[in-house]
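J.: Shown below is the structure under consideration.
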Amino acid sequence: MNVKKFLLFALAMLISVSASAFELGKSDATIWHTKKSAAQAKVLQTYLSRVFGKKYPLKLFSNGKHLPGIFVGIRHPGSKLNVDMERDFTVIHSEKDKVYIYGNDKAKLTGTAYAVADFLEKHAGVRFLWPGELGTVAEKRDPVTIKDGTDLYVPPFKLRMTSSFTYGMRLLSAKDAADLHTWLLRMKTGRSIFSNGSGFQHAFFHLLPREKYGKTHPEYYSLVTPARWIGEPKPTVPTRRNDPSFGGPAQLCTSNKDVRRIIAEKIAAPKDGKIRSISPNDGFGFCECANCLAQDGNDAKRLRNNHLMVTNRMYDFAEDIAKQVYKLNPKAKVGMFAYSFYNGVPEQKVQFPPNMYLSYCYFIGFTRNKAEEDEINNKIIGLGKTGAQVIGREYWGTHYTMNYPLSHSRKIDRNVKALHKANAAGIYGETGKCFAARATDLYILCKLSWDPTLKREDLLKEFCDAAFGAKASPVMYQLFEKIEDRVEKYMPQFFSGKMVKFYPNGYAERNRLMSEVIFNADFQKMCAPLIKKARQLADTPERKARVDFINRGIRMAAITTESLRSIADLAAAGVNMPLTQPSTANIRMEKKNLIKIAGRAVKAEGARNTFLLANSGDNAITRGVFFGSTSFSLRPWKGLAEIALIQLKNGMYNYVVNNAFEYYGYSWDVKNIKGDGKFQYTAATNRDSDDNYMVPCHAGQGISLQLDMPAGSEMSITQLRPASSDVPVRASLGFYVRSAGNPLKNLTVYLGNKKLEGIWVNEKLQNGDNWQELRFVPVELEPGDYQIKVIVSNPAKDKAATLNFDNFQLKFKELRKVAKKGAAK
């Protein structure tokens with residue numbers, strides 16, 4: 001073949017290839033749309049114009065003629081899709097001079113919006129990194145060729161991240177909320193299964209209200225005994241929880257056949273095909289009748305937080321109901337949490353019909369090692385073998401991670417892939433919206449929820465390349481990996497702090513681990529040079545701004561750490577701080593020193609709140625974090641610190657550390673002097689003052705010290721942290737004792753070496769709870785250190801005694817110096 005013929009042949013081949021492919025961005029192109037798809041057509045027009053610099057006029061598709069151009073929300077002629085029309089799917093179909101972009105828009109589905117986002121990512125290089133304009137990357141690029149063919153995609157998960165970002169949504173600004181909604185749509189989060197409510201909410205008393213069935217059918221409700229009780233008020237004898245006036249947790253008798261029948265009929269009655277919950281009420285209070293206990297198997301030997309598991313019985317209950325419902329109405333769907341005391345895989349063989357959905361609740365980020373992580377992922381696979389459609393219900397972090405940059409995308413990746421392996425129906429949960437701290441995790445999470453086969457490392461590189469450009473990308477990639485390395489390195493120390501024995505609260509222990517260990521000054525030293533280098537290498541204003549955006553999350557970590565550590569010191573100085581462990585500092589309980597500590601806490605919390613407000617407004621740090629951090633029903637830290645300052649300056653401060661035993665035995669020493677008395681810190685009864693915010697908060701407190709004393713025994717209670725004063729003071733002491741009569745006959749009380757004279761305040765004002773208020777005649781003290789010591793005796797010869805102590809109050813009032821007679825005025 002000569003050169004001329006070869007060139008003609010090559011030209012003919014080029015023309016042939018061009019004729020069988022769509023050239024995107026080479027020339028102007030019309031975007032055809034329907035009325036329903038007009039909004040998505042506008043989105044496509046906006047980004048294509050920005051990327052390729054061409055004109056993309058919008059035209060309504062009305063005459064049925066398929067002219068050259070891009071069709072949005074319109075199927076290509078002759079399309080035959082072998083897909084489930086109840087599922088999400090997207091299609092990108094190219095043929096010569098036409099491209100069709102559409103998805104399943106049936107009913108509540110938004111497939112075309114997903115298809116447009118998918119097209120922009122694949123063919124225009126657009127990336128939606130986080131909500132808002134700064135997080136959207138649509139940079140100019142050369143034209144691209146789209147080969148003829150059909151790209152059909154059906155996401156494996158029917159539910160993808162829905163409701164996961166709604167925690168605190170009402171506290172967002174209108175713009176932040178709109179930007180977040182748009183971002184979630186572009187990231188293709190959504191669902192093709194629907195529910196009544198969440199579909200998994202705690203539902204027992206909604207299904208069988210005690211007001212309706214309680215009097216006539218007490219057997220429908222759980223039989224509880226003191227032996228297995230959690231919470232307050234504690235029953236003294238075996239009791240059915242059928243009375244709606246009963247306080248504390250309560251459940252149904254899940255082995256009762258009529259209970260199962262009534263629930264099945266209620267779930268099966270609606271014809272809308274939505275998931276409806278049969279989940280137990282929150283908390284414990286599970287039935288202890290013989291039939292329920294017989295279903296527990298080895299659960300009777302398994303403990304969770306020192307309480308027995310009920311996994312086996314709950315799956316017997318759920319399997320029976322699911323089968324009844326399926327028989328009555330095959331379209332009806334049944335939902336149940338796999339949660340708390342029933343979060344395991346059942347021992348017995350369970351085979352659910354296809355209408356059963358299990359929402360397995362877990363927190364993969366705070367697994368301390370590979371074994372704990374594998375346990376969660378293996379449970380997912382095990383639950384999948386029951387025939388149920390499993391849905392992962394995660395806690396990626398809201399208020400309980402203080403919006404630190406707690407990166408754990410490797411664990412997220414492995415977890416989502418375990419869900420995929422188990423043929424799970426989806427994943428959702430609770431997460432924060434502070435993208436400055438968690439942008440990479442949330443980007444990777446949403447991407448994996450759409451396509452769990454993607455590689456986490458590829459997604460992180462994609463994020464960095466798009467956000468920071470080729471020069472700065474490797475540095476930021478290194479930063480994100482170092483942060484995740486650090487989190488992984490120190491996570492094994494979760495629940496290993498010195499103070500956890502005094503306050504084993506998960507919120508508090510997370511705060512300690514994050515502030516003292518993971519995100520301390522060393523974290524800032526690690527991040528600072530990488531941020532500086534990345535900013536120098538970022539070669540456009542937008543890329544520099546994105547580095548700064550991420551740095552706001554790192555700066556917030558420093559400010560949050562200072563705040564949490566100052567609050568922990570104030571807890572060690574005697575202020576009951578909810579969701580906070582006392583620091584290990586041995587703080588001198590003296591006025592000037594305490595003013596310094598309280599002042600530092602007020603300043604640190606003020607700085608944190610100022611930073612949160614100043615940096616809210618672009619989904620970097622949401623206003624909800626500020627409101628959550630100042631709520632007296634959750635974290636009233638700043639308010640309590642301010643109150644402490646006021647009290648210190650006015651002689652109203654309580655100098656007793658851990659005065660209400662909310663930190664169990666912290667700063668107290670209880671000993672036997674004579675006999676074999678026992679003591680415990682109990683939630684069964686308490687007498688806290690109204691301003692003890694440890695009680696109403698998630699801290700779940702309300703503790704008292706209980707002494708169980710045999711006849712003739714004697715015990716001592718000593719406050720280990722002395723109250724100190726550098727000036728003369730008048731000291732006033734008071735506390736509460738729970739006893740059947742006058743407790744003063746059992747007590748001898750000392751402040752330092754001074755024996756105090758007691759007064760039984762409520763002798764004539766008994767309210768039936770046997771809590772007695774004691775106050776002691778004030779005494780004048782010289783400068784020095786003073787310990788409280790209480791000697792408790794049971795003088796009876798043949799009768800044991802039980803006494804509870806709570807709410808110690810010791811206050812110092814400075815004595816004014818009196819001028820000597822005849823001194824100069």
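Labels used: A, B, ... for chains in the order of the structure tokens, numbers from 1 for residues in each chain, and numbers from 1 for ligands as shown.
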Hey, what does DSSP flag as alpha helix (DSSP H) within region 38-191 of chain A? Can you give it to me as a PyMOL selection string?
T.: chain A and resi 38-52+111-124+174-186
J.: Just to be explicit: take each residue in the selection above, keep N, CA and C atoms, and write the result as a tab-separated table (two decimals), in the first residue's frame.
T.:
chain	number	residue	atom	x	y	z
A	38	ALA	N	-36.07	19.38	33.90
A	38	ALA	CA	-35.52	20.70	33.58
A	38	ALA	C	-34.43	21.13	34.56
A	39	ALA	N	-34.66	20.88	35.86
A	39	ALA	CA	-33.68	21.31	36.87
A	39	ALA	C	-32.34	20.60	36.68
A	40	GLN	N	-32.39	19.30	36.39
A	40	GLN	CA	-31.15	18.56	36.20
A	40	GLN	C	-30.46	18.94	34.88
A	41	ALA	N	-31.26	19.28	33.89
A	41	ALA	CA	-30.68	19.78	32.63
A	41	ALA	C	-29.92	21.08	32.88
A	42	LYS	N	-30.46	21.93	33.73
A	42	LYS	CA	-29.81	23.19	34.08
A	42	LYS	C	-28.49	22.92	34.81
A	43	VAL	N	-28.47	21.95	35.70
A	43	VAL	CA	-27.24	21.57	36.40
A	43	VAL	C	-26.19	21.14	35.38
A	44	LEU	N	-26.58	20.29	34.45
A	44	LEU	CA	-25.66	19.81	33.43
A	44	LEU	C	-25.12	20.97	32.60
A	45	GLN	N	-26.01	21.85	32.19
A	45	GLN	CA	-25.60	23.02	31.39
A	45	GLN	C	-24.57	23.86	32.13
A	46	THR	N	-24.81	24.11	33.41
A	46	THR	CA	-23.92	24.96	34.20
A	46	THR	C	-22.49	24.42	34.22
A	47	TYR	N	-22.35	23.13	34.51
A	47	TYR	CA	-21.01	22.57	34.66
A	47	TYR	C	-20.33	22.30	33.33
A	48	LEU	N	-21.08	21.86	32.32
A	48	LEU	CA	-20.46	21.64	31.01
A	48	LEU	C	-19.94	22.95	30.42
A	49	SER	N	-20.70	24.03	30.59
A	49	SER	CA	-20.25	25.33	30.09
A	49	SER	C	-18.97	25.76	30.80
A	50	ARG	N	-18.91	25.52	32.11
A	50	ARG	CA	-17.74	25.91	32.88
A	50	ARG	C	-16.51	25.09	32.48
A	51	VAL	N	-16.71	23.80	32.25
A	51	VAL	CA	-15.59	22.91	31.98
A	51	VAL	C	-15.08	23.04	30.54
A	52	PHE	N	-16.00	23.10	29.58
A	52	PHE	CA	-15.58	23.05	28.17
A	52	PHE	C	-15.66	24.40	27.46
A	111	GLY	N	-33.46	9.09	40.05
A	111	GLY	CA	-32.39	8.47	39.27
A	111	GLY	C	-31.73	9.39	38.27
A	112	THR	N	-32.50	10.30	37.65
A	112	THR	CA	-31.89	11.19	36.65
A	112	THR	C	-30.89	12.13	37.30
A	113	ALA	N	-31.18	12.61	38.50
A	113	ALA	CA	-30.22	13.45	39.22
A	113	ALA	C	-28.93	12.69	39.48
A	114	TYR	N	-29.03	11.42	39.86
A	114	TYR	CA	-27.84	10.61	40.06
A	114	TYR	C	-27.09	10.42	38.74
A	115	ALA	N	-27.83	10.22	37.66
A	115	ALA	CA	-27.20	9.98	36.36
A	115	ALA	C	-26.45	11.22	35.89
A	116	VAL	N	-27.02	12.40	36.09
A	116	VAL	CA	-26.35	13.64	35.71
A	116	VAL	C	-25.05	13.81	36.51
A	117	ALA	N	-25.11	13.56	37.83
A	117	ALA	CA	-23.91	13.65	38.66
A	117	ALA	C	-22.86	12.64	38.20
A	118	ASP	N	-23.30	11.44	37.88
A	118	ASP	CA	-22.40	10.39	37.41
A	118	ASP	C	-21.73	10.80	36.10
A	119	PHE	N	-22.52	11.37	35.18
A	119	PHE	CA	-22.00	11.82	33.89
A	119	PHE	C	-20.95	12.92	34.08
A	120	LEU	N	-21.26	13.87	34.95
A	120	LEU	CA	-20.32	14.98	35.18
A	120	LEU	C	-19.01	14.48	35.77
A	121	GLU	N	-19.07	13.50	36.64
A	121	GLU	CA	-17.85	12.94	37.22
A	121	GLU	C	-17.04	12.17	36.18
A	122	LYS	N	-17.72	11.29	35.43
A	122	LYS	CA	-17.01	10.40	34.51
A	122	LYS	C	-16.48	11.11	33.28
A	123	HIS	N	-17.23	12.06	32.76
A	123	HIS	CA	-16.91	12.62	31.45
A	123	HIS	C	-16.52	14.09	31.47
A	124	ALA	N	-16.77	14.79	32.57
A	124	ALA	CA	-16.39	16.20	32.65
A	124	ALA	C	-15.40	16.46	33.78
A	174	ALA	N	-30.00	28.52	56.38
A	174	ALA	CA	-30.74	28.12	55.18
A	174	ALA	C	-29.78	27.77	54.05
A	175	LYS	N	-28.71	28.55	53.90
A	175	LYS	CA	-27.75	28.29	52.83
A	175	LYS	C	-27.00	27.00	53.07
A	176	ASP	N	-26.53	26.78	54.30
A	176	ASP	CA	-25.81	25.54	54.60
A	176	ASP	C	-26.70	24.33	54.35
A	177	ALA	N	-27.96	24.43	54.77
A	177	ALA	CA	-28.89	23.31	54.57
A	177	ALA	C	-29.11	23.04	53.09
A	178	ALA	N	-29.26	24.10	52.30
A	178	ALA	CA	-29.47	23.94	50.86
A	178	ALA	C	-28.23	23.34	50.20
A	179	ASP	N	-27.05	23.84	50.59
A	179	ASP	CA	-25.80	23.31	50.02
A	179	ASP	C	-25.61	21.85	50.38
A	180	LEU	N	-25.94	21.50	51.63
A	180	LEU	CA	-25.79	20.11	52.06
A	180	LEU	C	-26.74	19.20	51.27
A	181	HIS	N	-27.99	19.64	51.12
A	181	HIS	CA	-28.96	18.85	50.36
A	181	HIS	C	-28.47	18.63	48.93
A	182	THR	N	-27.95	19.68	48.30
A	182	THR	CA	-27.46	19.57	46.93
A	182	THR	C	-26.28	18.60	46.86
A	183	TRP	N	-25.37	18.72	47.81
A	183	TRP	CA	-24.20	17.84	47.82
A	183	TRP	C	-24.61	16.37	47.97
A	184	LEU	N	-25.54	16.10	48.86
A	184	LEU	CA	-26.00	14.72	49.07
A	184	LEU	C	-26.62	14.16	47.79
A	185	LEU	N	-27.34	15.00	47.05
A	185	LEU	CA	-27.93	14.56	45.79
A	185	LEU	C	-26.83	14.27	44.76
A	186	ARG	N	-25.83	15.14	44.70
A	186	ARG	CA	-24.73	14.93	43.75
A	186	ARG	C	-23.91	13.68	44.11
J.: As a PyMOL selection string, please: the residues near region 369-376 of chain A (cut-off 12 Å, only C-alpha atoms, same-chain neighbours under 3 positions excluded).
T.: chain A and resi 338-339+343-345+360-366+379-383+392-394+408+410-416+418-419+487-494
J.: If you measure from CA of Leu579 (chain A) to CA of Asn551 (chain A), what distance in Å do you get, rounded to one decimal?
T.: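 Atom-to-atom, CA of Leu579 (chain A) to CA of Asn551 (chain A), that is 27.2 Å.
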J.: Write out as a PyMOL selection string which residues come within 9 Å of Val144 (chain A) when counting only C-alpha atoms, dropping same-chain ones fewer than 6 positions away.
T.: chain A and resi 22-26+123-124
J.: Go through A:Pro795, A:Pro354, A:Gly384, A:Pro582 one by one, measure the shortest atom-to-atom distance of each to Lys501 (chain A) using only C-alpha atoms, and give the residue with the smallest value.
T.: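 So, comparing all the options, the nearest one is A:Pro582.
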J.: Can you list, as a ChimeraX atom specification, every protein, DNA or RNA residue that comes within 12 Å of Lys525 (chain A) when you count only C-alpha atoms, leaving out same-chain residues fewer than 6 positions away?
T.: /A:479,482-483,519,531-532,554-555,558
J.: Could those residues be written to a file, using N, CA and C atoms, as an mmCIF file, in the first residue's frame?
T.:
data_model
loop_
_atom_site.group_PDB
_atom_site.id
_atom_site.type_symbol
_atom_site.label_atom_id
_atom_site.label_comp_id
_atom_site.auth_asym_id
_atom_site.auth_seq_id
_atom_site.Cartn_x
_atom_site.Cartn_y
_atom_site.Cartn_z
ATOM 1 N N LEU A 479 -0.726 14.109 54.687
ATOM 2 C CA LEU A 479 -1.340 14.630 55.910
ATOM 3 C C LEU A 479 -2.512 13.755 56.347
ATOM 4 N N LYS A 482 -1.321 10.470 57.683
ATOM 5 C CA LYS A 482 -0.691 10.609 58.998
ATOM 6 C C LYS A 482 -1.732 10.778 60.106
ATOM 7 N N ILE A 483 -2.788 11.540 59.810
ATOM 8 C CA ILE A 483 -3.858 11.704 60.800
ATOM 9 C C ILE A 483 -4.492 10.360 61.092
ATOM 10 N N PHE A 519 -5.263 14.157 69.945
ATOM 11 C CA PHE A 519 -5.232 15.510 69.381
ATOM 12 C C PHE A 519 -4.573 16.506 70.352
ATOM 13 N N ILE A 531 0.640 21.422 56.359
ATOM 14 C CA ILE A 531 -0.318 22.438 55.909
ATOM 15 C C ILE A 531 0.437 23.606 55.269
ATOM 16 N N LYS A 532 1.510 24.026 55.909
ATOM 17 C CA LYS A 532 2.298 25.149 55.372
ATOM 18 C C LYS A 532 2.855 24.807 53.992
ATOM 19 N N ILE A 554 -8.311 21.380 61.717
ATOM 20 C CA ILE A 554 -7.144 21.112 62.565
ATOM 21 C C ILE A 554 -7.042 22.149 63.671
ATOM 22 N N ARG A 555 -7.297 23.406 63.331
ATOM 23 C CA ARG A 555 -7.285 24.463 64.355
ATOM 24 C C ARG A 555 -8.389 24.231 65.384
ATOM 25 N N ALA A 558 -7.280 21.920 68.110
ATOM 26 C CA ALA A 558 -6.457 22.530 69.162
ATOM 27 C C ALA A 558 -7.318 23.274 70.165
#
J.: Need to verify the contact set: region 471-477 of chain A, 12 Å, only C-alpha atoms, exclusion of same-chain residues closer than 6 positions in sequence. Can you return it as a PyMOL selection string?
T.: chain A and resi 440+457-465+483-484+527-540+543-544+546-548+550-551
J.: Distance table requested - region 180-218 of chain A against region 262-268 of chain A, cut-off 12 Å, only C-alpha atoms: one row per qualifying residue with the closest atom pair and its distance in Å to one decimal, ordered by chain and rising residue number, as a Markdown table.
T.:
| residue | atom | partner | partner_atom | distance |
| --- | --- | --- | --- | --- |
| A:Ser195 | CA | A:Ile267 | CA | 11.6 |
| A:Asn196 | CA | A:Ile267 | CA | 10.4 |
| A:Gly199 | CA | A:Ile267 | CA | 11.0 |
| A:Ala203 | CA | A:Ile263 | CA | 10.3 |
| A:Phe204 | CA | A:Ile263 | CA | 9.1 |
| A:Phe205 | CA | A:Ile263 | CA | 10.9 |
| A:His206 | CA | A:Ile263 | CA | 10.1 |
| A:Leu207 | CA | A:Ile263 | CA | 6.3 |
| A:Leu208 | CA | A:Ile263 | CA | 7.7 |
| A:Pro209 | CA | A:Ile263 | CA | 11.4 |
| A:Tyr213 | CA | A:Ile262 | CA | 11.2 |
J.: Would you put the residues from that selection into a file with N, CA, C and O atoms, as a CSV table (one decimal), in the first residue's frame?
T.:
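Output saved as result32.csv:
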chain,number,residue,atom,x,y,z
A,195,SER,N,-39.9,3.6,54.5
A,195,SER,CA,-40.3,3.1,55.8
A,195,SER,C,-41.3,4.0,56.5
A,195,SER,O,-41.4,5.2,56.1
A,196,ASN,N,-42.0,3.5,57.4
A,196,ASN,CA,-42.9,4.4,58.3
A,196,ASN,C,-42.0,4.8,59.4
A,196,ASN,O,-41.6,4.1,60.3
A,199,GLY,N,-38.4,3.1,60.4
A,199,GLY,CA,-38.5,1.7,60.1
A,199,GLY,C,-37.9,0.8,61.1
A,199,GLY,O,-38.1,-0.4,61.1
A,203,ALA,N,-40.3,0.6,69.4
A,203,ALA,CA,-41.7,0.6,69.0
A,203,ALA,C,-42.7,-0.2,69.9
A,203,ALA,O,-43.9,-0.2,69.7
A,204,PHE,N,-42.2,-0.9,71.0
A,204,PHE,CA,-43.1,-1.8,71.7
A,204,PHE,C,-44.3,-1.2,72.2
A,204,PHE,O,-45.4,-1.7,72.1
A,205,PHE,N,-44.2,0.0,72.8
A,205,PHE,CA,-45.4,0.6,73.4
A,205,PHE,C,-46.3,1.3,72.4
A,205,PHE,O,-47.4,1.7,72.6
A,206,HIS,N,-45.7,1.6,71.2
A,206,HIS,CA,-46.5,2.0,70.1
A,206,HIS,C,-47.4,0.9,69.5
A,206,HIS,O,-48.5,1.1,69.2
A,207,LEU,N,-46.8,-0.3,69.5
A,207,LEU,CA,-47.5,-1.5,69.0
A,207,LEU,C,-48.6,-2.0,70.0
A,207,LEU,O,-49.7,-2.3,69.5
A,208,LEU,N,-48.2,-2.0,71.2
A,208,LEU,CA,-49.2,-2.5,72.2
A,208,LEU,C,-49.2,-1.5,73.4
A,208,LEU,O,-48.6,-1.7,74.4
A,209,PRO,N,-49.9,-0.4,73.2
A,209,PRO,CA,-50.0,0.7,74.3
A,209,PRO,C,-50.5,0.1,75.6
A,209,PRO,O,-51.5,-0.6,75.6
A,213,TYR,N,-54.0,-2.0,76.6
A,213,TYR,CA,-54.0,-3.4,76.9
A,213,TYR,C,-53.6,-3.7,78.3
A,213,TYR,O,-53.7,-4.9,78.8
J.: If you run DSSP on the backbone here, which positions in region 120-258 of chain A get strand (DSSP E)? Please write them as an MDAnalysis selection string.
T.: chainID A and resid 127:128 136:137 144:147 149:153 159:160 190:191 223:224 239:240
J.: Can you write out the residues you just picked, keeping C-alpha atoms, as a compact mmCIF listing (two decimals), in the first residue's frame?
T.:
# COMPACT_ATOMS: atom_id res chain seq x y z
CA ARG A 127 -15.93 16.54 41.71
CA PHE A 128 -18.24 17.34 44.61
CA THR A 136 -17.08 21.82 43.95
CA VAL A 137 -14.29 21.33 41.39
CA VAL A 144 -13.54 13.98 25.52
CA THR A 145 -14.83 11.16 23.37
CA ILE A 146 -17.74 9.08 24.64
CA LYS A 147 -17.87 5.76 22.83
CA GLY A 149 -22.80 2.01 24.11
CA THR A 150 -24.93 1.81 27.23
CA ASP A 151 -23.53 2.32 30.72
CA LEU A 152 -26.22 0.93 33.06
CA TYR A 153 -25.56 0.93 36.81
CA LEU A 159 -30.45 2.61 51.16
CA ARG A 160 -27.46 4.92 51.04
CA GLY A 190 -30.78 8.07 48.58
CA ARG A 191 -33.04 5.09 48.89
CA LEU A 223 -42.15 -9.63 84.04
CA VAL A 224 -39.16 -8.07 85.81
CA THR A 239 -43.59 -7.18 88.64
CA ARG A 240 -45.36 -6.98 85.29
